[in-house]
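First the structure, in the form of structure tokens, and then the observations on it.
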Amino acid sequence: MSHHWISLTLNGETIEAEVPANRLLSDFLRDQLALTGTKRGCETGVCGACSILIDGEVSKSCLSLAVQAHGKTITTVEGLAQGQALHVLQAAFMEHGGLQCGYCTPGFLIAAADLLSRNTSPDDAEIRKALSGNICRCTGYQGIVDAVRAAAENLNGT
Amino acid sequence: MRNLDYLEPESLDEALRMLADYGDEAAVFAGGTALLLAMRQRMLAPGIVVALGGLSALRGIGYTPEAGLRIGALSRHSEIARADIVREHYPVLAKVAAGLANPQVRNQGTIGGNLCYGDPATDPPSVLVALDAELEIAGRSGTRRVAMADFLVDYFTTALEPGEILTAIHLPPVTPGRVGHYKRHLRTPAEHRPVANVALTLTERGGLWDDVRLVIGAATPVAQSMARAAAALTGQAITLDLAAEAARIAAEDLTPVSDARGSAAFRRQVVRATVRRIVAEAAGLDWSEAAA
């Protein structure tokens, strides 16, 4: 099996690593870099728990090989907070009950961050569409939609 | 996932040579959203993956009034959805791309990969048949063009020969009065694979429809053109009764698949309802208050 040296920017830091060709990007993040914020859920591209930003666009890391991260800029949920200061989305999820068990939360935060980077004042339909690649099996979605709306309002100072 | 060698050709020629050298052992990797799933579920177990990501000739979306639209096969669904030239000239295609699967898959999956995989439970094939798309396919002996309808052979089977690579999708130039519509039925809002979909294109002349294409996808092994139903809609004033009649004909002519996601009988009824609604909506009629 081929092995590859990859170099990427991960949460603002340059990372170099050797990966086997068949390693999924989600496994690389969790098992090789110990960044376990990114979750493995269905591992079949359905649930969105493994969502990360690749070059600023929300993507499922179980649908990519690690070798393909070479040259990319990646943000995982660990890259959202600034030191001890939570990202505005993280704070809003806490305040509005956007989570219960929390397993799906990293994926929802990343999908919501992608939305707010392109659309600073989404309506509820746009929020729901942007989160349609992510599944929550305990909270239900209303608290999550409330949290994303509140985060957008917070960012806009409204 | 089994051990594999990952190859990154830098040119189309190099990619074609790799496919010739490795034969059945090699699989082509475009966006990976389908291939990686198939590999993880052991439906496919290639020892060699030829990743096309470095082939710039397979990227880009361009339009000229003479040649029409060319979509590079590696264009991701999100790129098609937001391309100004697609939104302007082929709004129905932009709409389909914007609604395919979910945001993550639209950012990762490619139109070429979608078509070559041959999975019927998806959005693009029917609309591309209705838009008279042609596919540009490269092989070691040169390039050929195949009509979209001929590219789709059977369930998960395309006209792609071993060693060939789909390089682009071409749509003919837009003509005055030509419009497109698309409608699909999802079993639940959370499931992104349609049970059935309907693409409708037509040219409006003096309030009547000409050159009608009515194409069913997802409910059938390959996108199916409904010639009899399209003929019924041609040159006639569109009424709710005519929409219902075209829908009845389409349901009758349908060759449905029957599987865990929907029986043949169910899919036939879904197609009937969806055809009736898309025809009515295309004619500006409200179907919701009328009996089917």
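We name chains A, B, ... following the order of the structure tokens; residues begin at 1 in each chain, and ligands are numbered from 1 as shown.
The list of chain A residues within 7 Å of chain B is Met1, Ser2, Ala21, Asn22, Thr44, Glu57, Val58, Ser59, Lys60, Leu63, Ser64, Ala130, Ser132 and Gly133 of chain A; this uses only C-alpha atoms.
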| Can you list, as a PyMOL selection string, every protein, DNA or RNA residue that comes within 10 Å of segment 142-158 of chain B when you count only C-alpha atoms, leaving out same-chain residues fewer than 2 positions away? | chain B and resi 115-121+125-140+160-161+164-171+220-225+257
| query | When distances are computed from only C-alpha atoms, which of A:Gly56, A:Gly107, A:Gly45, A:Pro122 shows the smallest separation from Asn156 of chain A? | reply |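 Ranking A:Gly56, A:Gly107, A:Gly45, A:Pro122 by distance to Asn156 of chain A, first place goes to A:Pro122.
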| note | Between atom CA of Val46 of chain A and atom CA of Pro194 of chain B lies a distance of 14.5 Å
| request: Could you tell me, as a VMD selection string, which residues of segment 3-137 of chain A DSSP assigns to alpha helix (DSSP H) when given the backbone? | output: chain A and resid 25 to 27 88 to 95 105 to 118 124 to 130
Next, the residues of the selection above should be written as a short mmCIF file (atom, residue, chain, number, x, y, z; two decimals), in the first residue's frame with N, CA, C and O atoms.
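Contents of out-v2.cif, freshly written:
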```cif
data_model
loop_
_atom_site.label_atom_id
_atom_site.label_comp_id
_atom_site.auth_asym_id
_atom_site.auth_seq_id
_atom_site.Cartn_x
_atom_site.Cartn_y
_atom_site.Cartn_z
N LEU A 25 -10.06 10.68 6.25
CA LEU A 25 -9.69 11.94 6.87
C LEU A 25 -10.21 12.00 8.32
O LEU A 25 -9.52 12.50 9.21
N SER A 26 -11.41 11.45 8.54
CA SER A 26 -11.95 11.45 9.92
C SER A 26 -11.07 10.62 10.85
O SER A 26 -10.83 11.02 12.00
N ASP A 27 -10.57 9.50 10.38
CA ASP A 27 -9.70 8.66 11.21
C ASP A 27 -8.35 9.33 11.43
O ASP A 27 -7.76 9.24 12.52
N VAL A 88 -19.09 32.23 19.02
CA VAL A 88 -20.45 32.74 19.24
C VAL A 88 -21.49 31.63 19.01
O VAL A 88 -22.53 31.59 19.71
N LEU A 89 -21.23 30.72 18.10
CA LEU A 89 -22.17 29.61 17.88
C LEU A 89 -22.18 28.65 19.07
O LEU A 89 -23.23 28.17 19.49
N GLN A 90 -21.00 28.37 19.61
CA GLN A 90 -20.92 27.46 20.77
C GLN A 90 -21.69 28.05 21.94
O GLN A 90 -22.46 27.35 22.63
N ALA A 91 -21.51 29.34 22.19
CA ALA A 91 -22.22 29.99 23.29
C ALA A 91 -23.73 29.96 23.05
O ALA A 91 -24.52 29.70 23.99
N ALA A 92 -24.12 30.17 21.80
CA ALA A 92 -25.56 30.18 21.50
C ALA A 92 -26.17 28.79 21.64
O ALA A 92 -27.31 28.65 22.11
N PHE A 93 -25.42 27.73 21.25
CA PHE A 93 -25.94 26.37 21.43
C PHE A 93 -26.16 26.08 22.92
O PHE A 93 -27.13 25.43 23.30
N MET A 94 -25.25 26.55 23.78
CA MET A 94 -25.42 26.35 25.22
C MET A 94 -26.66 27.10 25.72
O MET A 94 -27.50 26.56 26.42
N GLU A 95 -26.77 28.34 25.29
CA GLU A 95 -27.84 29.19 25.82
C GLU A 95 -29.23 28.71 25.36
O GLU A 95 -30.20 28.80 26.11
N THR A 105 -23.13 17.59 17.96
CA THR A 105 -22.93 19.03 18.06
C THR A 105 -21.74 19.56 17.25
O THR A 105 -21.87 20.59 16.58
N PRO A 106 -20.57 18.91 17.28
CA PRO A 106 -19.46 19.44 16.48
C PRO A 106 -19.84 19.60 15.01
O PRO A 106 -19.49 20.61 14.38
N GLY A 107 -20.54 18.61 14.47
CA GLY A 107 -20.95 18.69 13.07
C GLY A 107 -21.92 19.83 12.81
O GLY A 107 -21.81 20.54 11.81
N PHE A 108 -22.88 19.99 13.72
CA PHE A 108 -23.82 21.10 13.57
C PHE A 108 -23.11 22.45 13.67
O PHE A 108 -23.42 23.39 12.93
N LEU A 109 -22.17 22.56 14.61
CA LEU A 109 -21.44 23.83 14.77
C LEU A 109 -20.68 24.17 13.48
O LEU A 109 -20.67 25.32 13.03
N ILE A 110 -20.05 23.16 12.89
CA ILE A 110 -19.27 23.40 11.68
C ILE A 110 -20.18 23.77 10.52
O ILE A 110 -19.91 24.71 9.75
N ALA A 111 -21.30 23.04 10.37
CA ALA A 111 -22.23 23.36 9.27
C ALA A 111 -22.80 24.77 9.45
O ALA A 111 -22.97 25.52 8.48
N ALA A 112 -23.09 25.13 10.72
CA ALA A 112 -23.62 26.47 10.98
C ALA A 112 -22.56 27.53 10.73
O ALA A 112 -22.86 28.63 10.22
N ALA A 113 -21.30 27.22 11.07
CA ALA A 113 -20.22 28.19 10.83
C ALA A 113 -20.06 28.44 9.32
O ALA A 113 -19.83 29.58 8.89
N ASP A 114 -20.20 27.37 8.54
CA ASP A 114 -20.14 27.52 7.07
C ASP A 114 -21.26 28.44 6.60
O ASP A 114 -21.05 29.36 5.81
N LEU A 115 -22.47 28.22 7.12
CA LEU A 115 -23.61 29.06 6.72
C LEU A 115 -23.34 30.53 7.06
O LEU A 115 -23.51 31.41 6.20
N LEU A 116 -22.93 30.80 8.30
CA LEU A 116 -22.77 32.19 8.72
C LEU A 116 -21.61 32.88 8.00
O LEU A 116 -21.59 34.11 7.90
N SER A 117 -20.67 32.08 7.48
CA SER A 117 -19.58 32.70 6.72
C SER A 117 -20.05 33.19 5.36
O SER A 117 -19.43 34.05 4.73
N ARG A 118 -21.15 32.62 4.87
CA ARG A 118 -21.66 33.02 3.55
C ARG A 118 -22.91 33.88 3.64
O ARG A 118 -23.26 34.58 2.70
N ASP A 124 -35.07 31.23 8.83
CA ASP A 124 -35.14 29.87 9.38
C ASP A 124 -35.07 28.81 8.29
O ASP A 124 -34.47 27.74 8.49
N ALA A 125 -35.66 29.10 7.13
CA ALA A 125 -35.61 28.11 6.05
C ALA A 125 -34.18 27.91 5.57
O ALA A 125 -33.76 26.78 5.29
N GLU A 126 -33.43 29.01 5.49
CA GLU A 126 -32.03 28.89 5.06
C GLU A 126 -31.20 28.15 6.11
O GLU A 126 -30.29 27.37 5.77
N ILE A 127 -31.51 28.39 7.38
CA ILE A 127 -30.79 27.66 8.45
C ILE A 127 -31.08 26.17 8.33
O ILE A 127 -30.17 25.33 8.37
N ARG A 128 -32.34 25.82 8.17
CA ARG A 128 -32.70 24.41 8.10
C ARG A 128 -32.08 23.73 6.89
O ARG A 128 -31.61 22.59 6.96
N LYS A 129 -32.05 24.45 5.75
CA LYS A 129 -31.44 23.87 4.56
C LYS A 129 -29.93 23.66 4.77
O LYS A 129 -29.37 22.62 4.39
N ALA A 130 -29.30 24.62 5.41
CA ALA A 130 -27.85 24.52 5.62
C ALA A 130 -27.50 23.38 6.58
O ALA A 130 -26.39 22.85 6.54
#
```
| message | Write out as a PyMOL selection string the set of residues from segment 34-277 of chain B that DSSP, computed on the backbone, places in strand (DSSP E). | response | chain B and resi 48-51+61-64+68-72+134-139+142-147+152-154+157-158+165-171+178-185+196-205+208-217+224-225
Could you list, with a cut-off of 12 Å and counting only C-alpha atoms, the residues of segment 26-78 of chain A near segment 13-18 of chain A, each shown with its nearest atom pair and the distance in Å rounded to one decimal, rows sorted by chain and ascending number, as JSON lines?
```
{"residue": "A:Phe28", "atom": "CA", "partner": "A:Ala17", "partner_atom": "CA", "distance": 9.5}
{"residue": "A:Leu29", "atom": "CA", "partner": "A:Ala17", "partner_atom": "CA", "distance": 11.0}
{"residue": "A:Gln32", "atom": "CA", "partner": "A:Ala17", "partner_atom": "CA", "distance": 8.8}
{"residue": "A:Leu33", "atom": "CA", "partner": "A:Ala17", "partner_atom": "CA", "distance": 9.2}
{"residue": "A:Ala66", "atom": "CA", "partner": "A:Glu18", "partner_atom": "CA", "distance": 9.5}
{"residue": "A:Val67", "atom": "CA", "partner": "A:Glu18", "partner_atom": "CA", "distance": 8.7}
{"residue": "A:Ala69", "atom": "CA", "partner": "A:Ile15", "partner_atom": "CA", "distance": 10.6}
{"residue": "A:His70", "atom": "CA", "partner": "A:Glu16", "partner_atom": "CA", "distance": 9.0}
{"residue": "A:Gly71", "atom": "CA", "partner": "A:Thr14", "partner_atom": "CA", "distance": 9.9}
{"residue": "A:Lys72", "atom": "CA", "partner": "A:Thr14", "partner_atom": "CA", "distance": 10.2}
{"residue": "A:Thr73", "atom": "CA", "partner": "A:Thr14", "partner_atom": "CA", "distance": 9.0}
{"residue": "A:Ile74", "atom": "CA", "partner": "A:Glu13", "partner_atom": "CA", "distance": 9.6}
{"residue": "A:Thr75", "atom": "CA", "partner": "A:Glu13", "partner_atom": "CA", "distance": 10.1}
{"residue": "A:Thr76", "atom": "CA", "partner": "A:Glu13", "partner_atom": "CA", "distance": 11.9}
```
| field | Straight-line distance linking atom CA of Gln236 of chain B with atom CA of Ile278 of chain B, stated in Å to one decimal | value |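 A separation of 16.2 Å between them.
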| said: I'd like to know which of A:Glu43, A:Asp146, A:Asp31, A:Glu153 is closest to Gly97 of chain A, using only C-alpha atoms. | reply: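 Among A:Glu43, A:Asp146, A:Asp31, A:Glu153, it is A:Asp146 that comes nearest to Gly97 of chain A.
In this structure, atom CA of Glu10 of chain B sits 5.5 Å away from atom CA of Gly54 of chain B.
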| field | Nearest to Val145 of chain A, chosen from A:Thr120, A:Leu99, A:Asp55, A:Gly157, with only C-alpha atoms counted in the distances | value |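 Checking each of A:Thr120, A:Leu99, A:Asp55, A:Gly157 against Val145 of chain A, counting only C-alpha atoms, the winner is A:Leu99.
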| said: Please determine, counting only C-alpha atoms, which residue among B:Leu44, B:Ala251, B:Leu242, B:Val198 has the shortest atom-to-atom distance to Ala264 of chain B. | reply: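 When distances to Ala264 of chain B are compared using only C-alpha atoms, the smallest one comes from B:Ala251.
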| said: Just want the 12 Å neighbourhood of Ala265 of chain B, counted on only C-alpha atoms, with same-chain residues fewer than 3 positions away dropped. Output as an NGL selection string. | reply: :B and (219 or 251-252 or 254-259 or 261-262 or 268-272)
